[in-house]
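Quick look at work.cif (mmCIF, C-alpha atoms and all ligand atoms; chains and numbers go by the auth columns):
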data_data
loop_
_atom_site.group_PDB
_atom_site.id
_atom_site.type_symbol
_atom_site.label_atom_id
_atom_site.label_comp_id
_atom_site.label_asym_id
_atom_site.label_seq_id
_atom_site.Cartn_x
_atom_site.Cartn_y
_atom_site.Cartn_z
_atom_site.B_iso_or_equiv
_atom_site.auth_seq_id
_atom_site.auth_asym_id
ATOM 1 C CA MET A 1 75.597 119.281 114.638 0.00 11 A
ATOM 2 C CA ILE A 2 74.249 120.599 117.932 0.00 12 A
ATOM 3 C CA GLN A 3 74.775 124.288 118.658 0.00 13 A
ATOM 4 C CA VAL A 4 74.187 125.426 122.207 0.00 14 A
ATOM 5 C CA GLN A 5 73.959 129.213 122.521 0.00 15 A
ATOM 6 C CA ASP A 6 73.675 131.022 125.848 0.00 16 A
ATOM 7 C CA LEU A 7 71.577 128.193 127.255 0.00 17 A
ATOM 8 C CA LYS A 8 69.971 128.973 130.603 0.00 18 A
ATOM 9 C CA LYS A 9 67.739 126.815 132.744 0.00 19 A
ATOM 10 C CA THR A 10 66.013 128.015 135.879 0.00 20 A
ATOM 11 C CA PHE A 11 63.745 125.998 138.139 0.00 21 A
ATOM 12 C CA VAL A 12 61.303 127.624 140.518 0.00 22 A
ATOM 13 C CA LYS A 13 60.778 125.635 143.686 0.00 23 A
ATOM 14 C CA ASP A 14 58.757 126.858 146.672 0.00 24 A
ATOM 15 C CA GLY A 15 59.031 130.405 145.390 0.00 25 A
ATOM 16 C CA ASN A 16 62.827 130.225 145.014 0.00 26 A
ATOM 17 C CA ARG A 17 64.546 130.517 141.652 0.00 27 A
ATOM 18 C CA ILE A 18 67.330 127.988 141.109 0.00 28 A
ATOM 19 C CA GLU A 19 69.615 128.955 138.224 0.00 29 A
ATOM 20 C CA VAL A 20 70.980 125.574 137.205 0.00 30 A
ATOM 21 C CA LEU A 21 72.446 126.441 133.792 0.00 31 A
ATOM 22 C CA ARG A 22 73.761 129.992 133.503 0.00 32 A
ATOM 23 C CA GLY A 23 74.585 130.525 129.854 0.00 33 A
ATOM 24 C CA LEU A 24 76.248 127.537 128.202 0.00 34 A
ATOM 25 C CA ASN A 25 77.884 127.823 124.778 0.00 35 A
ATOM 26 C CA LEU A 26 79.075 124.737 122.961 0.00 36 A
ATOM 27 C CA THR A 27 79.130 123.185 119.509 0.00 37 A
ATOM 28 C CA ILE A 28 78.972 119.411 119.209 0.00 38 A
ATOM 29 C CA ASP A 29 79.846 118.107 115.758 0.00 39 A
ATOM 30 C CA ASN A 30 78.296 115.004 114.235 0.00 40 A
ATOM 31 C CA GLY A 31 80.355 111.990 115.250 0.00 41 A
ATOM 32 C CA ASP A 32 81.937 113.674 118.304 0.00 42 A
ATOM 33 C CA SER A 33 82.279 111.796 121.559 0.00 43 A
ATOM 34 C CA LEU A 34 81.841 114.197 124.458 0.00 44 A
ATOM 35 C CA ALA A 35 82.191 113.575 128.176 0.00 45 A
ATOM 36 C CA ILE A 36 80.355 115.896 130.579 0.00 46 A
ATOM 37 C CA LEU A 37 82.039 116.071 133.981 0.00 47 A
ATOM 38 C CA GLY A 38 81.263 117.952 137.169 0.00 48 A
ATOM 39 C CA VAL A 39 80.418 117.524 140.824 0.00 49 A
ATOM 40 C CA SER A 40 76.976 116.479 142.035 0.00 50 A
ATOM 41 C CA GLY A 41 74.444 119.237 141.485 0.00 51 A
ATOM 42 C CA ALA A 42 76.509 120.990 138.774 0.00 52 A
ATOM 43 C CA GLY A 43 73.668 120.692 136.263 0.00 53 A
ATOM 44 C CA LYS A 44 74.873 117.753 134.145 0.00 54 A
ATOM 45 C CA THR A 45 71.598 115.835 134.078 0.00 55 A
ATOM 46 C CA THR A 46 69.645 119.029 133.477 0.00 56 A
ATOM 47 C CA PHE A 47 71.889 119.783 130.493 0.00 57 A
ATOM 48 C CA VAL A 48 71.563 116.272 129.082 0.00 58 A
ATOM 49 C CA HIS A 49 67.777 116.332 129.461 0.00 59 A
ATOM 50 C CA ILE A 50 67.703 119.496 127.366 0.00 60 A
ATOM 51 C CA LEU A 51 70.121 118.015 124.783 0.00 61 A
ATOM 52 C CA GLY A 52 67.709 115.075 124.639 0.00 62 A
ATOM 53 C CA THR A 53 64.758 117.465 124.170 0.00 63 A
ATOM 54 C CA LEU A 54 63.137 115.960 127.275 0.00 64 A
ATOM 55 C CA ASP A 55 63.083 119.407 128.848 0.00 65 A
ATOM 56 C CA HIS A 56 62.964 122.934 127.371 0.00 66 A
ATOM 57 C CA PRO A 57 65.542 125.709 127.865 0.00 67 A
ATOM 58 C CA THR A 58 64.418 128.700 129.944 0.00 68 A
ATOM 59 C CA SER A 59 66.276 130.903 127.447 0.00 69 A
ATOM 60 C CA GLY A 60 68.969 130.613 124.817 0.00 70 A
ATOM 61 C CA GLU A 61 69.036 128.159 121.959 0.00 71 A
ATOM 62 C CA VAL A 62 69.859 124.560 121.207 0.00 72 A
ATOM 63 C CA LEU A 63 69.867 123.964 117.456 0.00 73 A
ATOM 64 C CA PHE A 64 69.960 120.517 115.881 0.00 74 A
ATOM 65 C CA ASN A 65 71.458 120.820 112.379 0.00 75 A
ATOM 66 C CA GLY A 66 70.308 124.431 112.497 0.00 76 A
ATOM 67 C CA LEU A 67 66.744 123.620 113.549 0.00 77 A
ATOM 68 C CA ASP A 68 65.170 125.074 116.674 0.00 78 A
ATOM 69 C CA VAL A 69 63.145 121.953 117.480 0.00 79 A
ATOM 70 C CA PHE A 70 61.929 123.396 120.796 0.00 80 A
ATOM 71 C CA LYS A 71 59.624 125.661 118.789 0.00 81 A
ATOM 72 C CA TRP A 72 57.884 122.630 117.308 0.00 82 A
ATOM 73 C CA PRO A 73 54.565 121.279 118.625 0.00 83 A
ATOM 74 C CA ALA A 74 54.954 118.518 121.234 0.00 84 A
ATOM 75 C CA LYS A 75 53.984 115.702 118.884 0.00 85 A
ATOM 76 C CA LYS A 76 56.470 116.704 116.188 0.00 86 A
ATOM 77 C CA LEU A 77 59.182 117.126 118.829 0.00 87 A
ATOM 78 C CA ALA A 78 58.430 113.664 120.271 0.00 88 A
ATOM 79 C CA SER A 79 58.718 112.135 116.820 0.00 89 A
ATOM 80 C CA PHE A 80 62.056 113.910 116.241 0.00 90 A
ATOM 81 C CA ARG A 81 63.298 112.647 119.609 0.00 91 A
ATOM 82 C CA ASN A 82 62.208 109.091 118.909 0.00 92 A
ATOM 83 C CA ARG A 83 63.951 109.040 115.511 0.00 93 A
ATOM 84 C CA THR A 84 67.094 110.974 116.335 0.00 94 A
ATOM 85 C CA ILE A 85 68.110 110.423 119.952 0.00 95 A
ATOM 86 C CA GLY A 86 68.798 107.277 121.962 0.00 96 A
ATOM 87 C CA PHE A 87 68.987 107.336 125.766 0.00 97 A
ATOM 88 C CA VAL A 88 70.948 105.178 128.187 0.00 98 A
ATOM 89 C CA PHE A 89 70.536 106.094 131.836 0.00 99 A
ATOM 90 C CA GLN A 90 72.003 104.644 135.004 0.00 100 A
ATOM 91 C CA PHE A 91 68.607 103.460 136.155 0.00 101 A
ATOM 92 C CA HIS A 92 67.708 102.010 132.829 0.00 102 A
ATOM 93 C CA ASN A 93 63.925 101.829 133.264 0.00 103 A
ATOM 94 C CA LEU A 94 63.499 98.510 131.508 0.00 104 A
ATOM 95 C CA LEU A 95 59.932 97.266 131.771 0.00 105 A
ATOM 96 C CA PRO A 96 60.035 94.363 134.250 0.00 106 A
ATOM 97 C CA GLU A 97 57.268 92.292 132.701 0.00 107 A
ATOM 98 C CA PHE A 98 58.852 92.263 129.232 0.00 108 A
ATOM 99 C CA ASN A 99 61.855 90.255 128.067 0.00 109 A
ATOM 100 C CA SER A 100 65.017 91.614 126.392 0.00 110 A
ATOM 101 C CA LEU A 101 63.579 91.370 122.903 0.00 111 A
ATOM 102 C CA GLU A 102 60.318 93.070 123.837 0.00 112 A
ATOM 103 C CA ASN A 103 62.071 95.843 125.769 0.00 113 A
ATOM 104 C CA THR A 104 64.398 96.464 122.815 0.00 114 A
ATOM 105 C CA MET A 105 61.520 96.515 120.306 0.00 115 A
ATOM 106 C CA MET A 106 59.397 98.939 122.314 0.00 116 A
ATOM 107 C CA PRO A 107 60.536 102.291 120.788 0.00 117 A
ATOM 108 C CA ALA A 108 60.157 100.861 117.262 0.00 118 A
ATOM 109 C CA LEU A 109 56.641 99.593 117.952 0.00 119 A
ATOM 110 C CA ILE A 110 55.693 102.949 119.474 0.00 120 A
ATOM 111 C CA HIS A 111 57.024 104.595 116.303 0.00 121 A
ATOM 112 C CA GLY A 112 54.751 102.397 114.168 0.00 122 A
ATOM 113 C CA MET A 113 57.266 99.885 112.813 0.00 123 A
ATOM 114 C CA SER A 114 55.783 96.479 111.988 0.00 124 A
ATOM 115 C CA ARG A 115 56.285 93.797 114.631 0.00 125 A
ATOM 116 C CA ARG A 116 58.222 91.674 112.134 0.00 126 A
ATOM 117 C CA ASP A 117 60.719 94.412 111.255 0.00 127 A
ATOM 118 C CA ALA A 118 61.121 95.473 114.888 0.00 128 A
ATOM 119 C CA LEU A 119 61.776 91.869 115.900 0.00 129 A
ATOM 120 C CA ALA A 120 64.399 91.385 113.193 0.00 130 A
ATOM 121 C CA ARG A 121 66.193 94.594 114.172 0.00 131 A
ATOM 122 C CA ALA A 122 66.029 93.811 117.894 0.00 132 A
ATOM 123 C CA GLU A 123 67.519 90.354 117.344 0.00 133 A
ATOM 124 C CA THR A 124 70.436 91.775 115.353 0.00 134 A
ATOM 125 C CA ILE A 125 71.197 94.481 117.923 0.00 135 A
ATOM 126 C CA LEU A 126 70.960 92.117 120.890 0.00 136 A
ATOM 127 C CA HIS A 127 73.445 89.836 119.118 0.00 137 A
ATOM 128 C CA ASP A 128 75.713 92.857 118.551 0.00 138 A
ATOM 129 C CA VAL A 129 75.762 93.700 122.283 0.00 139 A
ATOM 130 C CA GLY A 130 76.479 90.079 123.163 0.00 140 A
ATOM 131 C CA LEU A 131 73.027 89.089 124.374 0.00 141 A
ATOM 132 C CA GLY A 132 72.103 86.600 121.641 0.00 142 A
ATOM 133 C CA ASP A 133 71.467 83.984 124.311 0.00 143 A
ATOM 134 C CA ARG A 134 69.500 86.240 126.674 0.00 144 A
ATOM 135 C CA MET A 135 66.665 87.368 124.400 0.00 145 A
ATOM 136 C CA THR A 136 63.793 85.818 126.308 0.00 146 A
ATOM 137 C CA HIS A 137 65.094 86.743 129.762 0.00 147 A
ATOM 138 C CA LYS A 138 63.194 89.352 131.729 0.00 148 A
ATOM 139 C CA PRO A 139 65.200 92.117 133.504 0.00 149 A
ATOM 140 C CA ALA A 140 65.049 90.332 136.885 0.00 150 A
ATOM 141 C CA GLU A 141 66.660 87.304 135.223 0.00 151 A
ATOM 142 C CA LEU A 142 69.616 89.356 133.933 0.00 152 A
ATOM 143 C CA SER A 143 72.750 90.689 135.629 0.00 153 A
ATOM 144 C CA GLY A 144 73.185 94.458 136.035 0.00 154 A
ATOM 145 C CA GLY A 145 75.580 94.617 133.078 0.00 155 A
ATOM 146 C CA GLU A 146 73.224 92.578 130.903 0.00 156 A
ATOM 147 C CA GLN A 147 70.326 94.851 131.827 0.00 157 A
ATOM 148 C CA GLN A 148 72.434 97.853 130.856 0.00 158 A
ATOM 149 C CA ARG A 149 73.244 96.200 127.524 0.00 159 A
ATOM 150 C CA VAL A 150 69.506 95.723 126.885 0.00 160 A
ATOM 151 C CA ALA A 151 69.121 99.443 127.618 0.00 161 A
ATOM 152 C CA VAL A 152 71.845 100.166 125.031 0.00 162 A
ATOM 153 C CA ALA A 153 70.085 97.877 122.524 0.00 163 A
ATOM 154 C CA ARG A 154 66.779 99.647 123.159 0.00 164 A
ATOM 155 C CA ALA A 155 68.488 103.011 122.614 0.00 165 A
ATOM 156 C CA LEU A 156 69.819 101.797 119.247 0.00 166 A
ATOM 157 C CA ILE A 157 66.698 100.273 117.710 0.00 167 A
ATOM 158 C CA MET A 158 65.697 103.512 115.967 0.00 168 A
ATOM 159 C CA GLU A 159 69.257 103.937 114.639 0.00 169 A
ATOM 160 C CA PRO A 160 69.717 107.294 116.408 0.00 170 A
ATOM 161 C CA GLU A 161 72.180 109.943 115.251 0.00 171 A
ATOM 162 C CA ILE A 162 72.835 110.921 118.855 0.00 172 A
ATOM 163 C CA LEU A 163 73.292 108.674 121.877 0.00 173 A
ATOM 164 C CA LEU A 164 72.947 110.300 125.306 0.00 174 A
ATOM 165 C CA ALA A 165 74.147 108.372 128.320 0.00 175 A
ATOM 166 C CA ASP A 166 73.849 109.574 131.921 0.00 176 A
ATOM 167 C CA GLU A 167 76.231 107.642 134.190 0.00 177 A
ATOM 168 C CA PRO A 168 75.851 104.505 132.040 0.00 178 A
ATOM 169 C CA THR A 169 78.387 102.565 134.101 0.00 179 A
ATOM 170 C CA GLY A 170 77.577 104.148 137.471 0.00 180 A
ATOM 171 C CA ASN A 171 76.155 101.075 139.165 0.00 181 A
ATOM 172 C CA LEU A 172 78.391 98.467 137.504 0.00 182 A
ATOM 173 C CA ASP A 173 81.667 96.875 138.597 0.00 183 A
ATOM 174 C CA THR A 174 84.811 98.068 136.784 0.00 184 A
ATOM 175 C CA GLU A 175 85.032 95.192 134.340 0.00 185 A
ATOM 176 C CA THR A 176 81.350 95.198 133.381 0.00 186 A
ATOM 177 C CA GLY A 177 81.416 98.982 133.131 0.00 187 A
ATOM 178 C CA ARG A 178 84.379 98.719 130.790 0.00 188 A
ATOM 179 C CA LYS A 179 82.396 96.422 128.502 0.00 189 A
ATOM 180 C CA ILE A 180 79.552 98.944 128.300 0.00 190 A
ATOM 181 C CA GLU A 181 82.117 101.686 127.575 0.00 191 A
ATOM 182 C CA ASP A 182 83.585 99.545 124.781 0.00 192 A
ATOM 183 C CA ILE A 183 80.140 99.071 123.218 0.00 193 A
ATOM 184 C CA LEU A 184 79.348 102.808 123.364 0.00 194 A
ATOM 185 C CA LEU A 185 82.735 103.867 121.966 0.00 195 A
ATOM 186 C CA ASP A 186 82.548 101.241 119.244 0.00 196 A
ATOM 187 C CA LEU A 187 79.157 102.604 118.143 0.00 197 A
ATOM 188 C CA ASN A 188 80.660 106.075 118.020 0.00 198 A
ATOM 189 C CA GLN A 189 83.741 105.024 116.072 0.00 199 A
ATOM 190 C CA ARG A 190 82.202 102.440 113.752 0.00 200 A
ATOM 191 C CA LYS A 191 78.775 103.926 113.085 0.00 201 A
ATOM 192 C CA GLY A 192 79.580 107.584 113.611 0.00 202 A
ATOM 193 C CA ILE A 193 76.873 108.032 116.240 0.00 203 A
ATOM 194 C CA THR A 194 77.414 111.237 118.220 0.00 204 A
ATOM 195 C CA LEU A 195 78.049 110.093 121.780 0.00 205 A
ATOM 196 C CA ILE A 196 77.422 112.342 124.793 0.00 206 A
ATOM 197 C CA VAL A 197 78.112 110.834 128.195 0.00 207 A
ATOM 198 C CA VAL A 198 77.703 112.242 131.697 0.00 208 A
ATOM 199 C CA THR A 199 80.257 110.517 133.864 0.00 209 A
ATOM 200 C CA HIS A 200 82.280 110.735 137.051 0.00 210 A
ATOM 201 C CA ASN A 201 84.591 108.149 135.532 0.00 211 A
ATOM 202 C CA GLN A 202 87.873 109.775 134.438 0.00 212 A
ATOM 203 C CA SER A 203 88.982 106.701 132.527 0.00 213 A
ATOM 204 C CA LEU A 204 85.852 106.815 130.370 0.00 214 A
ATOM 205 C CA ALA A 205 86.222 110.579 129.894 0.00 215 A
ATOM 206 C CA GLY A 206 89.793 109.966 128.761 0.00 216 A
ATOM 207 C CA ARG A 207 88.582 107.651 126.024 0.00 217 A
ATOM 208 C CA MET A 208 86.236 110.261 124.529 0.00 218 A
ATOM 209 C CA SER A 209 87.364 112.766 121.894 0.00 219 A
ATOM 210 C CA ARG A 210 86.314 115.780 124.001 0.00 220 A
ATOM 211 C CA SER A 211 85.270 116.646 127.509 0.00 221 A
ATOM 212 C CA ILE A 212 83.695 119.611 129.274 0.00 222 A
ATOM 213 C CA GLY A 213 83.414 120.304 132.972 0.00 223 A
ATOM 214 C CA LEU A 214 80.354 121.979 134.484 0.00 224 A
ATOM 215 C CA ARG A 215 80.579 124.013 137.668 0.00 225 A
ATOM 216 C CA ASP A 216 77.862 126.218 139.124 0.00 226 A
ATOM 217 C CA GLY A 217 75.948 126.010 135.871 0.00 227 A
ATOM 218 C CA GLU A 218 78.847 127.142 133.684 0.00 228 A
ATOM 219 C CA ILE A 219 81.395 125.370 131.494 0.00 229 A
ATOM 220 C CA TYR A 220 84.779 125.741 133.187 0.00 230 A
ATOM 221 C CA THR A 221 86.914 123.457 131.060 0.00 231 A
ATOM 222 C CA CYS A 222 86.505 122.538 127.469 0.00 232 A
ATOM 223 C CA GLY A 223 88.904 120.182 125.745 0.00 233 A
HETATM 224 N N1 LIG B . 62.808 119.811 138.448 0.00 301 A
HETATM 225 C C1 LIG B . 63.600 120.469 139.294 0.00 301 A
HETATM 226 N N2 LIG B . 63.100 121.389 140.140 0.00 301 A
HETATM 227 C C2 LIG B . 63.907 122.061 140.988 0.00 301 A
HETATM 228 N N3 LIG B . 65.239 121.912 141.071 0.00 301 A
HETATM 229 C C3 LIG B . 65.801 121.002 140.244 0.00 301 A
HETATM 230 C C4 LIG B . 65.017 120.237 139.319 0.00 301 A
HETATM 231 N N4 LIG B . 65.871 119.426 138.631 0.00 301 A
HETATM 232 C C5 LIG B . 67.093 119.662 139.122 0.00 301 A
HETATM 233 N N5 LIG B . 67.080 120.604 140.084 0.00 301 A
HETATM 234 C C6 LIG B . 68.250 121.131 140.813 0.00 301 A
HETATM 235 O O1 LIG B . 69.224 121.509 139.874 0.00 301 A
HETATM 236 C C7 LIG B . 70.538 121.221 140.326 0.00 301 A
HETATM 237 C C8 LIG B . 71.289 120.428 139.265 0.00 301 A
HETATM 238 O O2 LIG B . 70.724 119.110 139.143 0.00 301 A
HETATM 239 P P1 LIG B . 71.274 118.021 138.132 0.00 301 A
HETATM 240 O O3 LIG B . 70.489 116.790 138.346 0.00 301 A
HETATM 241 O O4 LIG B . 71.303 118.610 136.767 0.00 301 A
HETATM 242 O O5 LIG B . 72.773 117.858 138.664 0.00 301 A
HETATM 243 P P2 LIG B . 73.903 116.816 138.268 0.00 301 A
HETATM 244 O O6 LIG B . 75.122 117.605 137.934 0.00 301 A
HETATM 245 O O7 LIG B . 73.384 115.885 137.237 0.00 301 A
HETATM 246 O O8 LIG B . 74.118 116.045 139.636 0.00 301 A
HETATM 247 P P3 LIG B . 74.422 114.486 139.977 0.00 301 A
HETATM 248 O O9 LIG B . 75.847 114.239 139.578 0.00 301 A
HETATM 249 O O10 LIG B . 74.230 114.443 141.468 0.00 301 A
HETATM 250 O O11 LIG B . 73.422 113.658 139.235 0.00 301 A
HETATM 251 C C9 LIG B . 70.373 120.478 141.631 0.00 301 A
HETATM 252 O O12 LIG B . 70.668 121.376 142.685 0.00 301 A
HETATM 253 C C10 LIG B . 68.906 120.061 141.657 0.00 301 A
HETATM 254 O O13 LIG B . 68.390 120.057 142.975 0.00 301 A
#
Take the structure in this file and express it as structure tokens.
Ligand SMILES: Nc1ncnc2c1ncn2[C@@H]1O[C@H](COP(=O)(O)OP(=O)(O)OP(=O)(O)O)[C@@H](O)[C@H]1O
Amino acid sequence: MIQVQDLKKTFVKDGNRIEVLRGLNLTIDNGDSLAILGVSGAGKTTFVHILGTLDHPTSGEVLFNGLDVFKWPAKKLASFRNRTIGFVFQFHNLLPEFNSLENTMMPALIHGMSRRDALARAETILHDVGLGDRMTHKPAELSGGEQQRVAVARALIMEPEILLADEPTGNLDTETGRKIEDILLDLNQRKGITLIVVTHNQSLAGRMSRSIGLRDGEIYTCG
């Protein structure tokens, strides 16, 4: 469970304070699927970065199963993040010189898993996302949708409890985007992974169990 309590985030830029998140309160249960909606600049990415522990709150709390992980030393927090949270972003940041298998294995190798185990897991996951015949392709040799599926596979290799996706279908055509949505929702429904997705796509939001809207750094709808 993730409990967000009076979460505020302020950036200081050129001497100006920008209050991006102005006191968010929200509880996300294990196994929820949550869409985060809102216009450009509303603070969605900022919120998701904090939920992913990539950035710290300015004030307020975000508790993961009751734990205030932001109080932990950086190394312990990084290990928690690596084990618990998977990320899928619109610009997926696959490493261009590595193939699908190697990109998928990367978080496991960084975490200290043996090459053999990481390889076995990566092969299974790539099969699951329909890329069994694209394992030795490098990103430039894959379509946009295939690249995004490698990014999903990479996010899953550590068997995360939480999957965070920021505009995961933003740069894909409708049909390919739908396939990525199907994969994400299937993971949520079949494996119980908590799914949190930033999206402008109403059809995807409609397929999630809950949605919130952000406006001017506050939650204005919650369903
Ligand atoms: N590191 C930073 N320093 C200063 N300002 C920032 C920083 N990161 C984000 N902002 C500002 O915070 C506001 C919210 O940004 P954020 O990326 O969270 O919005 P968003 O809702 O995800 O928008 P979009 O839909 O366009 O991606 C923006 O006005 C942005 O300029």
As a PDB file with C-alpha atoms, in the coordinates of the input, please: every protein or nucleic acid residue near ligand LIG 301 (chain A) (cut-off 6 Å, counting all atoms listed in the file).
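Generated output (part-v1.pdb):
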ATOM      1  CA  PHE A  21      63.745 125.998 138.139  1.00  0.00           C
ATOM      2  CA  LYS A  23      60.778 125.635 143.686  1.00  0.00           C
ATOM      3  CA  VAL A  30      70.980 125.574 137.205  1.00  0.00           C
ATOM      4  CA  VAL A  49      80.418 117.524 140.824  1.00  0.00           C
ATOM      5  CA  SER A  50      76.976 116.479 142.035  1.00  0.00           C
ATOM      6  CA  GLY A  51      74.444 119.237 141.485  1.00  0.00           C
ATOM      7  CA  ALA A  52      76.509 120.990 138.774  1.00  0.00           C
ATOM      8  CA  GLY A  53      73.668 120.692 136.263  1.00  0.00           C
ATOM      9  CA  LYS A  54      74.873 117.753 134.145  1.00  0.00           C
ATOM     10  CA  THR A  55      71.598 115.835 134.078  1.00  0.00           C
ATOM     11  CA  THR A  56      69.645 119.029 133.477  1.00  0.00           C
TER      12      THR A  56
END
Where does the PyMOL selection byres (((chain A and resi 121) around 9) and not hetatm) land in this file, that is, which residues does it pick, as a VMD selection string? chain A and resid 89 92 to 93 116 to 120 122 to 123 168
Contacts of Glu112 (chain A) at 12 Å (only C-alpha atoms; same-chain gap of 2+ positions) as an MDAnalysis selection string: chainID A and resid 104:110 114:120 125:126 128:133 136 144:149 160:161 163:164 167
Return as an MDAnalysis selection string the set of residues that the PyMOL selection byres (((chain A and resi 97) around 7) and not hetatm) yields on the displayed structure. chainID A and resid 95:96 98:99 165 173:175
Using the selection just defined, write its residues with C-alpha atoms as a JSON list (two decimals), keeping the file's coordinate frame.
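See again_28.json below for the written result:
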[["chain", "number", "residue", "atom", "x", "y", "z"],
["A", 95, "ILE", "CA", 68.11, 110.42, 119.95],
["A", 96, "GLY", "CA", 68.80, 107.28, 121.96],
["A", 98, "VAL", "CA", 70.95, 105.18, 128.19],
["A", 99, "PHE", "CA", 70.54, 106.09, 131.84],
["A", 165, "ALA", "CA", 68.49, 103.01, 122.61],
["A", 173, "LEU", "CA", 73.29, 108.67, 121.88],
["A", 174, "LEU", "CA", 72.95, 110.30, 125.31],
["A", 175, "ALA", "CA", 74.15, 108.37, 128.32]]
Could you list, as a PyMOL selection string, every residue within 12 Å of Thr204 (chain A), counting only C-alpha atoms and ignoring same-chain residues fewer than 2 positions away? chain A and resi 11-12+38-45+61+94-97+169-175+194-202+206-207+218-220
Could you add whatever atoms are missing so that region 179-194 of chain A carries N, CA and C atoms, then write the result as an mmCIF file, keeping the file's coordinate frame?
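Result went into rebuild_1.cif, see below:
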data_model
loop_
_atom_site.group_PDB
_atom_site.id
_atom_site.type_symbol
_atom_site.label_atom_id
_atom_site.label_comp_id
_atom_site.auth_asym_id
_atom_site.auth_seq_id
_atom_site.Cartn_x
_atom_site.Cartn_y
_atom_site.Cartn_z
ATOM 1 N N THR A 179 77.666 103.642 133.419
ATOM 2 C CA THR A 179 78.387 102.565 134.101
ATOM 3 C C THR A 179 78.384 102.776 135.609
ATOM 4 N N GLY A 180 77.547 103.722 136.076
ATOM 5 C CA GLY A 180 77.577 104.148 137.471
ATOM 6 C C GLY A 180 77.348 103.044 138.486
ATOM 7 N N ASN A 181 76.468 102.099 138.166
ATOM 8 C CA ASN A 181 76.155 101.075 139.165
ATOM 9 C C ASN A 181 76.740 99.707 138.793
ATOM 10 N N LEU A 182 77.798 99.730 137.954
ATOM 11 C CA LEU A 182 78.391 98.467 137.504
ATOM 12 C C LEU A 182 79.809 98.326 138.042
ATOM 13 N N ASP A 183 80.272 97.067 138.185
ATOM 14 C CA ASP A 183 81.667 96.875 138.597
ATOM 15 C C ASP A 183 82.585 97.309 137.447
ATOM 16 N N THR A 184 83.872 97.481 137.747
ATOM 17 C CA THR A 184 84.811 98.068 136.784
ATOM 18 C C THR A 184 84.831 97.306 135.462
ATOM 19 N N GLU A 185 84.887 95.986 135.569
ATOM 20 C CA GLU A 185 85.032 95.192 134.340
ATOM 21 C C GLU A 185 83.769 95.258 133.480
ATOM 22 N N THR A 186 82.609 95.138 134.138
ATOM 23 C CA THR A 186 81.350 95.198 133.381
ATOM 24 C C THR A 186 81.161 96.595 132.805
ATOM 25 N N GLY A 187 81.511 97.603 133.604
ATOM 26 C CA GLY A 187 81.416 98.982 133.131
ATOM 27 C C GLY A 187 82.280 99.195 131.899
ATOM 28 N N ARG A 188 83.441 98.594 131.913
ATOM 29 C CA ARG A 188 84.379 98.719 130.790
ATOM 30 C C ARG A 188 83.760 98.128 129.510
ATOM 31 N N LYS A 189 83.032 97.044 129.672
ATOM 32 C CA LYS A 189 82.396 96.422 128.502
ATOM 33 C C LYS A 189 81.338 97.353 127.906
ATOM 34 N N ILE A 190 80.562 98.000 128.787
ATOM 35 C CA ILE A 190 79.552 98.944 128.300
ATOM 36 C C ILE A 190 80.243 100.119 127.601
ATOM 37 N N GLU A 191 81.343 100.599 128.221
ATOM 38 C CA GLU A 191 82.117 101.686 127.575
ATOM 39 C C GLU A 191 82.564 101.263 126.185
ATOM 40 N N ASP A 192 83.088 100.041 126.076
ATOM 41 C CA ASP A 192 83.585 99.545 124.781
ATOM 42 C C ASP A 192 82.472 99.560 123.740
ATOM 43 N N ILE A 193 81.279 99.122 124.154
ATOM 44 C CA ILE A 193 80.140 99.071 123.218
ATOM 45 C C ILE A 193 79.788 100.488 122.758
ATOM 46 N N LEU A 194 79.725 101.427 123.711
ATOM 47 C CA LEU A 194 79.348 102.808 123.364
ATOM 48 C C LEU A 194 80.392 103.446 122.441
#
